[in-house]
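The data block below is coords_23.pdb; it holds PDB, C-alpha atoms and all ligand atoms.
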ATOM      1  CA  MET V 291     -13.059  -7.900 -12.211  1.00  0.00           C
ATOM      2  CA  SER V 292     -10.981  -7.563  -9.074  1.00  0.00           C
ATOM      3  CA  VAL V 293      -7.561  -6.001  -9.450  1.00  0.00           C
ATOM      4  CA  ILE V 294      -6.301  -8.247  -6.654  1.00  0.00           C
ATOM      5  CA  GLU V 295      -7.847 -11.433  -5.303  1.00  0.00           C
ATOM      6  CA  LEU V 296      -6.633 -13.816  -2.606  1.00  0.00           C
ATOM      7  CA  SER V 297      -8.343 -17.211  -2.320  1.00  0.00           C
ATOM      8  CA  ASP V 298      -8.112 -19.679   0.573  1.00  0.00           C
ATOM      9  CA  ILE V 299      -4.839 -18.237   1.782  1.00  0.00           C
ATOM     10  CA  VAL V 300      -2.924 -19.965   4.547  1.00  0.00           C
ATOM     11  CA  LYS V 301       0.393 -18.483   5.693  1.00  0.00           C
ATOM     12  CA  ARG V 302       2.592 -20.329   8.173  1.00  0.00           C
ATOM     13  CA  TYR V 303       5.873 -19.126   9.636  1.00  0.00           C
ATOM     14  CA  GLN V 304       8.528 -21.335  11.150  1.00  0.00           C
ATOM     15  CA  SER V 305       9.801 -19.683  14.313  1.00  0.00           C
ATOM     16  CA  GLY V 306      11.699 -20.573  17.473  1.00  0.00           C
ATOM     17  CA  GLU V 307       8.503 -21.665  19.222  1.00  0.00           C
ATOM     18  CA  GLY V 308       7.445 -23.824  16.275  1.00  0.00           C
ATOM     19  CA  LEU V 309       5.017 -23.270  13.436  1.00  0.00           C
ATOM     20  CA  ILE V 310       2.853 -20.118  13.556  1.00  0.00           C
ATOM     21  CA  GLU V 311      -0.261 -19.977  11.405  1.00  0.00           C
ATOM     22  CA  ALA V 312      -0.582 -16.236  10.737  1.00  0.00           C
ATOM     23  CA  LEU V 313      -3.414 -16.561   8.174  1.00  0.00           C
ATOM     24  CA  LYS V 314      -5.900 -19.420   8.421  1.00  0.00           C
ATOM     25  CA  GLY V 315      -7.781 -19.544   5.129  1.00  0.00           C
ATOM     26  CA  ILE V 316      -8.431 -16.020   3.916  1.00  0.00           C
ATOM     27  CA  ASP V 317     -10.431 -14.717   0.956  1.00  0.00           C
ATOM     28  CA  PHE V 318      -9.932 -11.114  -0.095  1.00  0.00           C
ATOM     29  CA  ARG V 319     -10.494  -8.897  -3.123  1.00  0.00           C
ATOM     30  CA  ALA V 320     -10.316  -5.233  -4.090  1.00  0.00           C
ATOM     31  CA  GLU V 321     -11.550  -3.304  -7.138  1.00  0.00           C
ATOM     32  CA  ARG V 322     -10.189  -0.218  -8.878  1.00  0.00           C
ATOM     33  CA  GLY V 323     -11.587   2.907  -7.281  1.00  0.00           C
ATOM     34  CA  GLU V 324     -12.232   1.084  -4.012  1.00  0.00           C
ATOM     35  CA  MET V 325     -10.595   1.700  -0.669  1.00  0.00           C
ATOM     36  CA  VAL V 326     -10.461  -1.380   1.510  1.00  0.00           C
ATOM     37  CA  THR V 327      -9.357  -1.034   5.111  1.00  0.00           C
ATOM     38  CA  VAL V 328      -8.136  -4.071   7.004  1.00  0.00           C
ATOM     39  CA  ILE V 329      -8.529  -3.555  10.721  1.00  0.00           C
ATOM     40  CA  GLY V 330      -7.613  -5.841  13.596  1.00  0.00           C
ATOM     41  CA  PRO V 331      -5.562  -6.057  16.773  1.00  0.00           C
ATOM     42  CA  SER V 332      -1.793  -6.317  16.810  1.00  0.00           C
ATOM     43  CA  GLY V 333      -0.633  -9.765  15.728  1.00  0.00           C
ATOM     44  CA  SER V 334      -3.883 -10.606  13.917  1.00  0.00           C
ATOM     45  CA  GLY V 335      -2.174 -10.995  10.525  1.00  0.00           C
ATOM     46  CA  LYS V 336      -2.669  -7.575   8.890  1.00  0.00           C
ATOM     47  CA  SER V 337       0.915  -7.026   7.747  1.00  0.00           C
ATOM     48  CA  THR V 338       1.195 -10.636   6.614  1.00  0.00           C
ATOM     49  CA  MET V 339      -1.885 -10.094   4.472  1.00  0.00           C
ATOM     50  CA  LEU V 340      -0.568  -6.821   3.055  1.00  0.00           C
ATOM     51  CA  ASN V 341       2.769  -8.442   2.205  1.00  0.00           C
ATOM     52  CA  LEU V 342       0.937 -11.122   0.223  1.00  0.00           C
ATOM     53  CA  ILE V 343      -1.212  -8.559  -1.593  1.00  0.00           C
ATOM     54  CA  GLY V 344       1.962  -6.579  -2.344  1.00  0.00           C
ATOM     55  CA  LEU V 345       3.717  -9.685  -3.718  1.00  0.00           C
ATOM     56  CA  LEU V 346       6.454  -9.230  -1.126  1.00  0.00           C
ATOM     57  CA  ASP V 347       5.800 -12.741   0.162  1.00  0.00           C
ATOM     58  CA  THR V 348       4.133 -15.912  -1.108  1.00  0.00           C
ATOM     59  CA  PRO V 349       1.386 -17.956   0.582  1.00  0.00           C
ATOM     60  CA  THR V 350       1.864 -21.413   2.096  1.00  0.00           C
ATOM     61  CA  GLU V 351      -1.471 -22.441   0.564  1.00  0.00           C
ATOM     62  CA  GLY V 352      -4.027 -20.742  -1.654  1.00  0.00           C
ATOM     63  CA  SER V 353      -3.828 -18.532  -4.728  1.00  0.00           C
ATOM     64  CA  VAL V 354      -3.152 -14.903  -5.609  1.00  0.00           C
ATOM     65  CA  ARG V 355      -4.651 -13.332  -8.734  1.00  0.00           C
ATOM     66  CA  LEU V 356      -3.662  -9.963 -10.113  1.00  0.00           C
ATOM     67  CA  ASP V 357      -6.058  -8.524 -12.704  1.00  0.00           C
ATOM     68  CA  ASP V 358      -7.424 -12.049 -13.147  1.00  0.00           C
ATOM     69  CA  ARG V 359      -3.999 -13.564 -13.797  1.00  0.00           C
ATOM     70  CA  ASP V 360      -2.800 -16.266 -11.417  1.00  0.00           C
ATOM     71  CA  VAL V 361       0.575 -15.072 -10.063  1.00  0.00           C
ATOM     72  CA  THR V 362       0.852 -17.623  -7.236  1.00  0.00           C
ATOM     73  CA  ASP V 363       3.672 -19.555  -8.853  1.00  0.00           C
ATOM     74  CA  PHE V 364       5.524 -16.608 -10.358  1.00  0.00           C
ATOM     75  CA  SER V 365       9.290 -16.502  -9.834  1.00  0.00           C
ATOM     76  CA  VAL V 366      10.886 -13.853  -7.632  1.00  0.00           C
ATOM     77  CA  ASP V 367      11.907 -11.889 -10.743  1.00  0.00           C
ATOM     78  CA  GLU V 368       8.412 -12.022 -12.205  1.00  0.00           C
ATOM     79  CA  LEU V 369       6.894 -10.886  -8.905  1.00  0.00           C
ATOM     80  CA  THR V 370       9.385  -8.017  -8.715  1.00  0.00           C
ATOM     81  CA  GLU V 371       8.350  -6.887 -12.176  1.00  0.00           C
ATOM     82  CA  GLU V 372       4.626  -7.063 -11.285  1.00  0.00           C
ATOM     83  CA  ARG V 373       5.303  -5.107  -8.125  1.00  0.00           C
ATOM     84  CA  ARG V 374       7.335  -2.442  -9.865  1.00  0.00           C
ATOM     85  CA  THR V 375       4.738  -1.744 -12.539  1.00  0.00           C
ATOM     86  CA  GLY V 376       1.500  -2.386 -10.682  1.00  0.00           C
ATOM     87  CA  ILE V 377       1.817  -1.687  -6.976  1.00  0.00           C
ATOM     88  CA  GLY V 378       2.665   1.388  -4.912  1.00  0.00           C
ATOM     89  CA  PHE V 379       3.593   1.262  -1.225  1.00  0.00           C
ATOM     90  CA  VAL V 380       3.090   3.738   1.619  1.00  0.00           C
ATOM     91  CA  PHE V 381       4.527   2.935   5.034  1.00  0.00           C
ATOM     92  CA  GLN V 382       3.903   4.235   8.548  1.00  0.00           C
ATOM     93  CA  ASP V 383       7.454   5.562   8.806  1.00  0.00           C
ATOM     94  CA  TYR V 384       7.556   6.963   5.241  1.00  0.00           C
ATOM     95  CA  HIS V 385      10.767   5.173   4.109  1.00  0.00           C
ATOM     96  CA  LEU V 386      12.170   8.296   2.424  1.00  0.00           C
ATOM     97  CA  LEU V 387      15.879   8.601   1.690  1.00  0.00           C
ATOM     98  CA  PRO V 388      17.215  11.435   3.876  1.00  0.00           C
ATOM     99  CA  MET V 389      19.887  12.619   1.427  1.00  0.00           C
ATOM    100  CA  LEU V 390      17.473  13.103  -1.471  1.00  0.00           C
ATOM    101  CA  THR V 391      15.096  15.980  -2.120  1.00  0.00           C
ATOM    102  CA  ALA V 392      11.332  15.457  -2.232  1.00  0.00           C
ATOM    103  CA  THR V 393      11.453  15.381  -6.043  1.00  0.00           C
ATOM    104  CA  GLU V 394      14.310  12.861  -6.108  1.00  0.00           C
ATOM    105  CA  ASN V 395      12.537  10.630  -3.580  1.00  0.00           C
ATOM    106  CA  VAL V 396       9.403  10.615  -5.740  1.00  0.00           C
ATOM    107  CA  GLU V 397      11.413   9.880  -8.902  1.00  0.00           C
ATOM    108  CA  LEU V 398      13.358   7.012  -7.376  1.00  0.00           C
ATOM    109  CA  PRO V 399      11.013   4.049  -8.147  1.00  0.00           C
ATOM    110  CA  SER V 400      10.906   5.097 -11.823  1.00  0.00           C
ATOM    111  CA  MET V 401      14.681   5.290 -12.374  1.00  0.00           C
ATOM    112  CA  TRP V 402      14.570   2.179 -14.570  1.00  0.00           C
ATOM    113  CA  ASP V 403      12.081   3.761 -16.956  1.00  0.00           C
ATOM    114  CA  THR V 404      13.676   5.945 -19.623  1.00  0.00           C
ATOM    115  CA  SER V 405      10.512   6.315 -21.688  1.00  0.00           C
ATOM    116  CA  VAL V 406       8.899   9.040 -19.588  1.00  0.00           C
ATOM    117  CA  ASP V 407       9.962  12.358 -18.202  1.00  0.00           C
ATOM    118  CA  ARG V 408      10.241  11.286 -14.591  1.00  0.00           C
ATOM    119  CA  ARG V 409      11.155  14.691 -13.295  1.00  0.00           C
ATOM    120  CA  ASP V 410       8.013  16.253 -14.776  1.00  0.00           C
ATOM    121  CA  ARG V 411       5.775  13.554 -13.373  1.00  0.00           C
ATOM    122  CA  ALA V 412       7.386  13.789  -9.915  1.00  0.00           C
ATOM    123  CA  VAL V 413       6.910  17.551  -9.872  1.00  0.00           C
ATOM    124  CA  ASP V 414       3.308  17.162 -11.042  1.00  0.00           C
ATOM    125  CA  LEU V 415       2.536  14.586  -8.335  1.00  0.00           C
ATOM    126  CA  LEU V 416       4.113  16.711  -5.615  1.00  0.00           C
ATOM    127  CA  GLY V 417       2.002  19.635  -6.786  1.00  0.00           C
ATOM    128  CA  ARG V 418      -1.099  17.500  -6.556  1.00  0.00           C
ATOM    129  CA  VAL V 419      -0.387  16.563  -2.940  1.00  0.00           C
ATOM    130  CA  GLY V 420       0.139  20.225  -2.076  1.00  0.00           C
ATOM    131  CA  LEU V 421       3.951  20.245  -2.006  1.00  0.00           C
ATOM    132  CA  GLY V 422       4.663  22.291  -5.122  1.00  0.00           C
ATOM    133  CA  ASP V 423       6.641  24.712  -2.972  1.00  0.00           C
ATOM    134  CA  ARG V 424       8.697  21.992  -1.234  1.00  0.00           C
ATOM    135  CA  LEU V 425      10.277  20.275  -4.239  1.00  0.00           C
ATOM    136  CA  ASP V 426      13.895  20.727  -3.152  1.00  0.00           C
ATOM    137  CA  HIS V 427      13.379  20.087   0.554  1.00  0.00           C
ATOM    138  CA  THR V 428      14.931  16.999   2.070  1.00  0.00           C
ATOM    139  CA  PRO V 429      12.874  14.836   4.481  1.00  0.00           C
ATOM    140  CA  GLY V 430      14.592  16.472   7.476  1.00  0.00           C
ATOM    141  CA  GLU V 431      13.110  19.799   6.374  1.00  0.00           C
ATOM    142  CA  LEU V 432       9.541  18.470   6.188  1.00  0.00           C
ATOM    143  CA  SER V 433       6.834  17.772   8.800  1.00  0.00           C
ATOM    144  CA  GLY V 434       5.415  14.276   9.332  1.00  0.00           C
ATOM    145  CA  GLY V 435       2.354  14.989   7.221  1.00  0.00           C
ATOM    146  CA  GLN V 436       4.495  16.459   4.444  1.00  0.00           C
ATOM    147  CA  LYS V 437       6.781  13.417   4.497  1.00  0.00           C
ATOM    148  CA  GLN V 438       3.769  11.144   4.158  1.00  0.00           C
ATOM    149  CA  ARG V 439       2.585  13.236   1.189  1.00  0.00           C
ATOM    150  CA  VAL V 440       5.974  12.760  -0.476  1.00  0.00           C
ATOM    151  CA  ALA V 441       5.627   9.010   0.145  1.00  0.00           C
ATOM    152  CA  ILE V 442       2.145   9.021  -1.399  1.00  0.00           C
ATOM    153  CA  ALA V 443       3.415  10.908  -4.460  1.00  0.00           C
ATOM    154  CA  ARG V 444       6.268   8.394  -4.742  1.00  0.00           C
ATOM    155  CA  SER V 445       3.827   5.465  -4.561  1.00  0.00           C
ATOM    156  CA  LEU V 446       2.011   6.828  -7.620  1.00  0.00           C
ATOM    157  CA  ILE V 447       5.035   7.539  -9.846  1.00  0.00           C
ATOM    158  CA  ASN V 448       4.739   4.282 -11.822  1.00  0.00           C
ATOM    159  CA  GLU V 449       0.952   4.655 -12.233  1.00  0.00           C
ATOM    160  CA  PRO V 450       0.081   1.586 -10.162  1.00  0.00           C
ATOM    161  CA  ASP V 451      -3.278  -0.208 -10.116  1.00  0.00           C
ATOM    162  CA  ILE V 452      -2.991  -0.851  -6.391  1.00  0.00           C
ATOM    163  CA  LEU V 453      -1.754   1.351  -3.580  1.00  0.00           C
ATOM    164  CA  LEU V 454      -0.910  -0.444  -0.335  1.00  0.00           C
ATOM    165  CA  ALA V 455      -0.643   1.420   2.928  1.00  0.00           C
ATOM    166  CA  ASP V 456       0.520  -0.073   6.234  1.00  0.00           C
ATOM    167  CA  GLU V 457      -0.668   2.210   9.073  1.00  0.00           C
ATOM    168  CA  PRO V 458      -0.348   5.351   6.867  1.00  0.00           C
ATOM    169  CA  THR V 459      -1.585   7.638   9.641  1.00  0.00           C
ATOM    170  CA  GLY V 460       0.186   5.774  12.450  1.00  0.00           C
ATOM    171  CA  ASN V 461       2.807   8.457  13.111  1.00  0.00           C
ATOM    172  CA  LEU V 462       0.555  11.478  12.536  1.00  0.00           C
ATOM    173  CA  ASP V 463      -1.663  13.531  14.835  1.00  0.00           C
ATOM    174  CA  GLN V 464      -5.408  13.268  14.251  1.00  0.00           C
ATOM    175  CA  ASP V 465      -5.816  16.393  12.086  1.00  0.00           C
ATOM    176  CA  THR V 466      -2.832  15.580   9.878  1.00  0.00           C
ATOM    177  CA  GLY V 467      -4.067  11.987   9.634  1.00  0.00           C
ATOM    178  CA  GLU V 468      -7.439  13.218   8.401  1.00  0.00           C
ATOM    179  CA  THR V 469      -5.785  15.386   5.746  1.00  0.00           C
ATOM    180  CA  ILE V 470      -3.732  12.425   4.533  1.00  0.00           C
ATOM    181  CA  LEU V 471      -6.837  10.224   4.350  1.00  0.00           C
ATOM    182  CA  GLU V 472      -8.687  12.878   2.365  1.00  0.00           C
ATOM    183  CA  GLU V 473      -5.682  13.040   0.026  1.00  0.00           C
ATOM    184  CA  LEU V 474      -5.744   9.278  -0.463  1.00  0.00           C
ATOM    185  CA  ILE V 475      -9.472   9.293  -1.250  1.00  0.00           C
ATOM    186  CA  ARG V 476      -9.048  12.078  -3.801  1.00  0.00           C
ATOM    187  CA  LEU V 477      -6.132  10.313  -5.518  1.00  0.00           C
ATOM    188  CA  LYS V 478      -8.039   7.036  -5.482  1.00  0.00           C
ATOM    189  CA  GLU V 479     -10.767   8.691  -7.516  1.00  0.00           C
ATOM    190  CA  ASP V 480      -8.432  10.657  -9.829  1.00  0.00           C
ATOM    191  CA  GLU V 481      -6.133   7.713 -10.572  1.00  0.00           C
ATOM    192  CA  ASN V 482      -8.762   4.957 -10.304  1.00  0.00           C
ATOM    193  CA  VAL V 483      -6.483   2.854  -8.098  1.00  0.00           C
ATOM    194  CA  ALA V 484      -7.480   0.299  -5.499  1.00  0.00           C
ATOM    195  CA  ILE V 485      -6.245   1.272  -2.048  1.00  0.00           C
ATOM    196  CA  VAL V 486      -5.693  -1.403   0.558  1.00  0.00           C
ATOM    197  CA  ALA V 487      -4.794   0.028   3.942  1.00  0.00           C
ATOM    198  CA  VAL V 488      -4.178  -1.771   7.202  1.00  0.00           C
ATOM    199  CA  THR V 489      -4.640  -0.008  10.491  1.00  0.00           C
ATOM    200  CA  HIS V 490      -5.796  -0.227  14.040  1.00  0.00           C
ATOM    201  CA  ASP V 491      -6.973   3.395  13.772  1.00  0.00           C
ATOM    202  CA  ASP V 492     -10.791   3.589  13.863  1.00  0.00           C
ATOM    203  CA  GLN V 493     -10.618   7.065  12.290  1.00  0.00           C
ATOM    204  CA  MET V 494      -9.859   5.439   8.942  1.00  0.00           C
ATOM    205  CA  LEU V 495     -13.206   3.676   8.887  1.00  0.00           C
ATOM    206  CA  ASP V 496     -14.946   7.004   8.192  1.00  0.00           C
ATOM    207  CA  TYR V 497     -13.140   7.175   4.831  1.00  0.00           C
ATOM    208  CA  THR V 498     -13.135   3.620   3.590  1.00  0.00           C
ATOM    209  CA  ASP V 499     -15.509   1.911   1.129  1.00  0.00           C
ATOM    210  CA  THR V 500     -15.017  -1.557   2.535  1.00  0.00           C
ATOM    211  CA  THR V 501     -13.925  -2.706   5.991  1.00  0.00           C
ATOM    212  CA  VAL V 502     -12.361  -6.113   6.588  1.00  0.00           C
ATOM    213  CA  ARG V 503     -12.057  -7.193  10.230  1.00  0.00           C
ATOM    214  CA  ILE V 504      -9.386  -9.757  10.964  1.00  0.00           C
ATOM    215  CA  ILE V 505      -8.772 -11.493  14.278  1.00  0.00           C
ATOM    216  CA  ASP V 506      -6.213 -14.214  14.891  1.00  0.00           C
ATOM    217  CA  GLY V 507      -5.650 -14.914  11.190  1.00  0.00           C
ATOM    218  CA  VAL V 508      -9.354 -15.252  10.345  1.00  0.00           C
ATOM    219  CA  ILE V 509     -11.571 -12.670   8.602  1.00  0.00           C
ATOM    220  CA  GLN V 510     -14.507 -12.106  10.927  1.00  0.00           C
ATOM    221  CA  GLU V 511     -16.525  -9.604   8.933  1.00  0.00           C
ATOM    222  CA  VAL V 512     -16.548  -7.700   5.630  1.00  0.00           C
ATOM    223  CA  THR V 513     -18.612  -4.516   5.453  1.00  0.00           C
ATOM    224  CA  ARG V 514     -19.103  -2.993   1.995  1.00  0.00           C
ATOM    225  CA  GLY V 515     -20.419   0.460   1.177  1.00  0.00           C
TER     226      GLY V 515
HETATM  227  N1  LIG B   1       8.512 -13.437   9.663  1.00  0.00           N
HETATM  228  C1  LIG B   1       7.795 -13.993  10.662  1.00  0.00           C
HETATM  229  N2  LIG B   1       8.239 -15.098  11.302  1.00  0.00           N
HETATM  230  C2  LIG B   1       7.517 -15.674  12.288  1.00  0.00           C
HETATM  231  N3  LIG B   1       6.326 -15.226  12.714  1.00  0.00           N
HETATM  232  C3  LIG B   1       5.821 -14.132  12.124  1.00  0.00           C
HETATM  233  C4  LIG B   1       6.529 -13.451  11.075  1.00  0.00           C
HETATM  234  N4  LIG B   1       5.782 -12.388  10.675  1.00  0.00           N
HETATM  235  C5  LIG B   1       4.669 -12.404  11.446  1.00  0.00           C
HETATM  236  N5  LIG B   1       4.693 -13.447  12.309  1.00  0.00           N
HETATM  237  C6  LIG B   1       3.635 -13.796  13.281  1.00  0.00           C
HETATM  238  O1  LIG B   1       2.414 -13.892  12.556  1.00  0.00           O
HETATM  239  C7  LIG B   1       1.343 -13.294  13.291  1.00  0.00           C
HETATM  240  C8  LIG B   1       0.732 -12.144  12.504  1.00  0.00           C
HETATM  241  O2  LIG B   1       1.675 -11.085  12.396  1.00  0.00           O
HETATM  242  P1  LIG B   1       1.411  -9.725  11.587  1.00  0.00           P
HETATM  243  O3  LIG B   1       0.883 -10.083  10.257  1.00  0.00           O
HETATM  244  O4  LIG B   1       2.638  -8.924  11.655  1.00  0.00           O
HETATM  245  O5  LIG B   1       0.248  -9.058  12.459  1.00  0.00           O
HETATM  246  P2  LIG B   1      -0.271  -7.538  12.512  1.00  0.00           P
HETATM  247  O6  LIG B   1       0.294  -6.815  11.350  1.00  0.00           O
HETATM  248  O7  LIG B   1      -1.755  -7.654  12.481  1.00  0.00           O
HETATM  249  O8  LIG B   1       0.203  -6.966  13.815  1.00  0.00           O
HETATM  250  C9  LIG B   1       1.933 -12.877  14.627  1.00  0.00           C
HETATM  251  O9  LIG B   1       1.725 -13.930  15.555  1.00  0.00           O
HETATM  252  C10 LIG B   1       3.398 -12.724  14.312  1.00  0.00           C
HETATM  253  O10 LIG B   1       4.177 -12.925  15.454  1.00  0.00           O
HETATM  254 MG    MG B   2       1.477  -5.033  11.277  1.00  0.00          MG
END

Can you turn what I pasted into structure tokens?
Amino acid sequence: MSVIELSDIVKRYQSGEGLIEALKGIDFRAERGEMVTVIGPSGSGKSTMLNLIGLLDTPTEGSVRLDDRDVTDFSVDELTEERRTGIGFVFQDYHLLPMLTATENVELPSMWDTSVDRRDRAVDLLGRVGLGDRLDHTPGELSGGQKQRVAIARSLINEPDILLADEPTGNLDQDTGETILEELIRLKEDENVAIVAVTHDDQMLDYTDTTVRIIDGVIQEVTRG
């Protein structure tokens, strides 16, 4: 069973120049323990697709299933709840809060949950991404690769089923990018999450299980294994 499945997705945007069809009938799925990389040129619809998978936006046509439940017609509140409990996000520019320490940044998405010891889990996750000695550093005191590791730890704090990454290595040099990709692969296996990453970085294709090529809102090719 796929943890996320998009069927026949069309996404149109109304803009100044008229109606833009960003996605033109897309099918997509990902399994737990699988890393899927969506690759395509700028403007091809990658971020639009990731936003739909992340329940940050809704399709114009088609359906979205999460763990075999149809969430297409969920309300904004219901989608927020699904997102909070099931989906972790990693962004190109990290999106860390500059005033908070690494530990506090990692804890932040779990503030609503009083049932677990958030501090312990944040410290554990930071240790697992190699930042056990940087717990009290603020983002300004960390390198790009370290900031992305904090963001990865944060994305896992609520034990998601899906981790979404938009250009996760986009701001990193090649060596640091490779380390981050190796980290993602290891966590994917340890946590049994599905990773969906979008990129235009060919380097990522060496790490991925499945490659989805998108051009002009249409999936051209899916390569598995
Ligand atoms: N909020 C929006 N309003 C209008 N057009 C948009 C919006 N978001 C994206 N688009 C358009 O949809 C197409 C796909 O964009 P996007 O998904 O961001 O591509 P990519 O991430 O592959 O660069 C582009 O033509 C873009 O200009
Ligand atoms: Mg994009």

Please return as a PDB file with C-alpha atoms, in the coordinates of the input the residues found within 12 Å of ligand LIG 1 (chain B), counting all atoms listed in the file.
ATOM      1  CA  VAL V 300      -2.924 -19.965   4.547  1.00  0.00           C
ATOM      2  CA  LYS V 301       0.393 -18.483   5.693  1.00  0.00           C
ATOM      3  CA  ARG V 302       2.592 -20.329   8.173  1.00  0.00           C
ATOM      4  CA  TYR V 303       5.873 -19.126   9.636  1.00  0.00           C
ATOM      5  CA  GLN V 304       8.528 -21.335  11.150  1.00  0.00           C
ATOM      6  CA  SER V 305       9.801 -19.683  14.313  1.00  0.00           C
ATOM      7  CA  GLY V 306      11.699 -20.573  17.473  1.00  0.00           C
ATOM      8  CA  GLU V 307       8.503 -21.665  19.222  1.00  0.00           C
ATOM      9  CA  GLY V 308       7.445 -23.824  16.275  1.00  0.00           C
ATOM     10  CA  LEU V 309       5.017 -23.270  13.436  1.00  0.00           C
ATOM     11  CA  ILE V 310       2.853 -20.118  13.556  1.00  0.00           C
ATOM     12  CA  GLU V 311      -0.261 -19.977  11.405  1.00  0.00           C
ATOM     13  CA  ALA V 312      -0.582 -16.236  10.737  1.00  0.00           C
ATOM     14  CA  LEU V 313      -3.414 -16.561   8.174  1.00  0.00           C
ATOM     15  CA  LYS V 314      -5.900 -19.420   8.421  1.00  0.00           C
ATOM     16  CA  VAL V 328      -8.136  -4.071   7.004  1.00  0.00           C
ATOM     17  CA  ILE V 329      -8.529  -3.555  10.721  1.00  0.00           C
ATOM     18  CA  GLY V 330      -7.613  -5.841  13.596  1.00  0.00           C
ATOM     19  CA  PRO V 331      -5.562  -6.057  16.773  1.00  0.00           C
ATOM     20  CA  SER V 332      -1.793  -6.317  16.810  1.00  0.00           C
ATOM     21  CA  GLY V 333      -0.633  -9.765  15.728  1.00  0.00           C
ATOM     22  CA  SER V 334      -3.883 -10.606  13.917  1.00  0.00           C
ATOM     23  CA  GLY V 335      -2.174 -10.995  10.525  1.00  0.00           C
ATOM     24  CA  LYS V 336      -2.669  -7.575   8.890  1.00  0.00           C
ATOM     25  CA  SER V 337       0.915  -7.026   7.747  1.00  0.00           C
ATOM     26  CA  THR V 338       1.195 -10.636   6.614  1.00  0.00           C
ATOM     27  CA  MET V 339      -1.885 -10.094   4.472  1.00  0.00           C
ATOM     28  CA  LEU V 340      -0.568  -6.821   3.055  1.00  0.00           C
ATOM     29  CA  ASN V 341       2.769  -8.442   2.205  1.00  0.00           C
ATOM     30  CA  LEU V 342       0.937 -11.122   0.223  1.00  0.00           C
ATOM     31  CA  LEU V 346       6.454  -9.230  -1.126  1.00  0.00           C
ATOM     32  CA  ASP V 347       5.800 -12.741   0.162  1.00  0.00           C
ATOM     33  CA  THR V 348       4.133 -15.912  -1.108  1.00  0.00           C
ATOM     34  CA  GLN V 382       3.903   4.235   8.548  1.00  0.00           C
ATOM     35  CA  ALA V 455      -0.643   1.420   2.928  1.00  0.00           C
ATOM     36  CA  ASP V 456       0.520  -0.073   6.234  1.00  0.00           C
ATOM     37  CA  GLU V 457      -0.668   2.210   9.073  1.00  0.00           C
ATOM     38  CA  ALA V 487      -4.794   0.028   3.942  1.00  0.00           C
ATOM     39  CA  VAL V 488      -4.178  -1.771   7.202  1.00  0.00           C
ATOM     40  CA  THR V 489      -4.640  -0.008  10.491  1.00  0.00           C
ATOM     41  CA  HIS V 490      -5.796  -0.227  14.040  1.00  0.00           C
ATOM     42  CA  ARG V 503     -12.057  -7.193  10.230  1.00  0.00           C
ATOM     43  CA  ILE V 504      -9.386  -9.757  10.964  1.00  0.00           C
ATOM     44  CA  ILE V 505      -8.772 -11.493  14.278  1.00  0.00           C
ATOM     45  CA  ASP V 506      -6.213 -14.214  14.891  1.00  0.00           C
ATOM     46  CA  GLY V 507      -5.650 -14.914  11.190  1.00  0.00           C
ATOM     47  CA  VAL V 508      -9.354 -15.252  10.345  1.00  0.00           C
ATOM     48  CA  ILE V 509     -11.571 -12.670   8.602  1.00  0.00           C
TER      49      ILE V 509
END

Proximity to ligand MG 2 (chain B) - best of V:Gly467, V:Thr428, V:Arg514, V:Phe381, only C-alpha atoms and all ligand atoms
V:Phe381

Nearest to ligand MG 2 (chain B): which of V:Arg424, V:Thr370, V:Asp480, V:Gly460 is it, counting all atoms listed in the file?
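Smallest distance to ligand MG 2 (chain B) is found for V:Gly460.
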
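You will find atom CA of V:Arg373 at 28.1 Å from atom CA of V:Glu511.
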
Starting from the displayed file, determine the output of the PyMOL selection byres (((chain V and resi 437) around 12) and not hetatm) and express the residue list as JSON, numbers by chain.
{"V": [380, 381, 382, 383, 384, 385, 386, 387, 388, 391, 392, 393, 395, 396, 416, 419, 420, 421, 424, 425, 427, 428, 429, 430, 431, 432, 433, 434, 435, 436, 438, 439, 440, 441, 442, 443, 444, 458, 459, 461, 462, 466, 470]}

Would you mind reading off the distance between atom CA of V:Asp465 and atom CA of V:Gln493, one decimal, in Å?
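Answer for the atom CA of V:Asp465 to atom CA of V:Gln493 separation: 10.5 Å.
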
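Put simply, atom CA of V:Glu295 is 7.5 Å away from atom CA of V:Asp317.
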
One residue among V:Pro349, V:Gly315, V:Gly323, V:Gly344 is nearest to V:Asn482 when using all atoms listed in the file, and that residue is V:Gly323

Could you give me, as number ranges by chain, the residues that have an atom at most 10 Å away from the point (10.4, 19.1, -11.8) in the coordinates of the file, using all atoms listed in the file?
V: 393-394, 397, 407-417, 422, 425-426

Choose the residue, out of V:Leu345, V:Val512, V:Leu356, V:Leu453, that has the smallest atom-to-atom separation from V:Ile316; count only C-alpha atoms.
V:Val512

Taking (-1.1, 0.2, -4.6) in the file's own coordinates, collect the residues within 8 Å, counting only C-alpha atoms, and hand them back as a list in words.
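Those residues, ordered by chain and then number, are Gly344, Gly376, Ile377, Gly378, Phe379, Ser445, Leu446, Pro450, Asp451, Ile452, Leu453, Leu454, Ala455, Val483, Ala484, Ile485 and Val486 of chain V.
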
Residues from last step as file, C-alpha atoms, as a short mmCIF file (atom, residue, chain, number, x, y, z; two decimals), in the coordinates of the input:
data_model
loop_
_atom_site.label_atom_id
_atom_site.label_comp_id
_atom_site.auth_asym_id
_atom_site.auth_seq_id
_atom_site.Cartn_x
_atom_site.Cartn_y
_atom_site.Cartn_z
CA GLY V 344 1.96 -6.58 -2.34
CA GLY V 376 1.50 -2.39 -10.68
CA ILE V 377 1.82 -1.69 -6.98
CA GLY V 378 2.66 1.39 -4.91
CA PHE V 379 3.59 1.26 -1.23
CA SER V 445 3.83 5.46 -4.56
CA LEU V 446 2.01 6.83 -7.62
CA PRO V 450 0.08 1.59 -10.16
CA ASP V 451 -3.28 -0.21 -10.12
CA ILE V 452 -2.99 -0.85 -6.39
CA LEU V 453 -1.75 1.35 -3.58
CA LEU V 454 -0.91 -0.44 -0.34
CA ALA V 455 -0.64 1.42 2.93
CA VAL V 483 -6.48 2.85 -8.10
CA ALA V 484 -7.48 0.30 -5.50
CA ILE V 485 -6.24 1.27 -2.05
CA VAL V 486 -5.69 -1.40 0.56
#
